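Input: a single structure, listed below in structure tokens.
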Amino acid sequence: MSLLEVKGLQKIYKGRRGGASVEALKNVNFTVEKGEYVAIMGESGSGKTTLLNILAALDKSTSGTIILDGMNLSTIKDSAMAMFRRDNLGYVFQEFNLLDTFTIEDNIYLPLVLAGKRPDDMKARLDKLVPSLGISEILKKYPYEVSGGQKQRAAVARALITDPKIILADEPTGALDSKSSDELLALFKQVNSMGQTVLMVTHSVKAASHASRVMFIKDGVIFHQIYRGDATDQQMYQKISDTLNLLAQGGEQ
């Protein structure tokens, strides 16, 4: 059974004061296997951010079903949804979403504090992450004292420390310079190689070229997919570029 199953997903935003409704998602169907690294691409307004927000349980679909590791998200009560997100989903935001009044260490610990974990348990979890994420030197610093790349590493650590079933990333390289972007993409590949499932929304062809599969969304519909197979990052980059050019021209593959 797939880790994530999306069936017949539809999202309609009703117009205000009798205005026209907007169908942001139309019968979206796909699955994600455990350990996959999937990128979702599409032009602005294509529906990819709406899709990610629904997968993250930050928004609700109009119709359709989302099943994560056998659990139907529509059956979770609103009062329990925050706990479900905290225990099952890791979210990496474009703008980091770190609290400036907390140290990097305390920012990473935050979801565990909210879950009522013991200090020794929190430290043990962080100790496992520190070597691979390269954040030992910044743990006692505050977000305003570190670089954008370091902030994003801290955000990844915060997402991973709960041992989530899936990492959802929203334009994770969008606020980073080229060097920091390369470092973050290498980090994502590393955590994925250790078995972590990753689903990333991105505008960046370079970022998407690191994924094992790329899904293209247009006008609220998944219209094409590319699988890595034995392709290199460079070959994936070219495949993605060719597909985006075709999409821009209104063609199909």
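Lettering and numbering for the structure tokens are positional, with chains as A, B, ... in the shown order, residues counted from 1 in each chain, and ligands counted from 1 in the shown order.
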
Which of region 111-250 of chain A counts as helix (DSSP H, G or I) under DSSP, as a PyMOL selection string please? chain A and resi 111-114+119-133+136-138+143-145+148-160+178-193+205-208+233-248

Might you pull out every residue within 10 Å of Phe96 (chain A), with only C-alpha atoms counted and same-chain residues fewer than 2 positions away left off, and present them as an MDAnalysis selection string? chainID A and resid 91:94 98:99 143 148:156 172 175

Write out as an NGL selection string the residues lying within 10 Å of region 203-214 of chain A, counting only C-alpha atoms and excluding same-chain residues fewer than 5 positions away. :A and (32 or 35-44 or 170-174 or 181-182 or 184-186 or 188-189 or 192 or 198 or 224-241 or 244)

Close residues, Ala157 (chain A) itself excluded, 8 Å, only C-alpha atoms, min 6 positions apart in chain, as a CSV table (one decimal) with N, CA and C atoms, in the first residue's frame:
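Printed below is selection36.csv as written:
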chain,number,residue,atom,x,y,z
A,108,ILE,N,14.0,24.2,17.1
A,108,ILE,CA,14.0,22.8,16.7
A,108,ILE,C,13.2,22.0,17.7
A,126,LEU,N,17.7,15.3,18.9
A,126,LEU,CA,18.5,16.3,18.3
A,126,LEU,C,19.9,15.8,18.0
A,129,LEU,N,20.3,14.1,14.8
A,129,LEU,CA,20.2,15.0,13.6
A,129,LEU,C,21.4,15.9,13.4
A,133,LEU,N,23.1,17.2,9.7
A,133,LEU,CA,22.6,18.5,9.2
A,133,LEU,C,23.6,19.6,9.4

Find the residues near Gly64 (chain A): any atom within 12 Å, counting only C-alpha atoms, skip ones fewer than 4 places away on the same chain, and give them as an NGL selection string. :A and (5-12 or 25-30 or 51 or 54-55 or 60 or 72-74)

Apply DSSP to the backbone of this structure and, from region 183-218 of chain A, keep only the residues in strand (DSSP E or B); write these as a list of chain:residue names. A:Val198, A:Leu199, A:Met200, A:Val201, A:Arg213, A:Val214, A:Met215, A:Phe216, A:Ile217, A:Lys218

Please compute the CA of Leu89 (chain A)-CA of Ser147 (chain A) distance, one decimal, in Å.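 CA of Ser147 (chain A) lies at a distance of 25.4 Å from CA of Leu89 (chain A).
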
Which one of A:Arg85, A:Lys117, A:Lys140, A:Lys34 sits closest to Ala57 (chain A) if you count only C-alpha atoms? A:Arg85
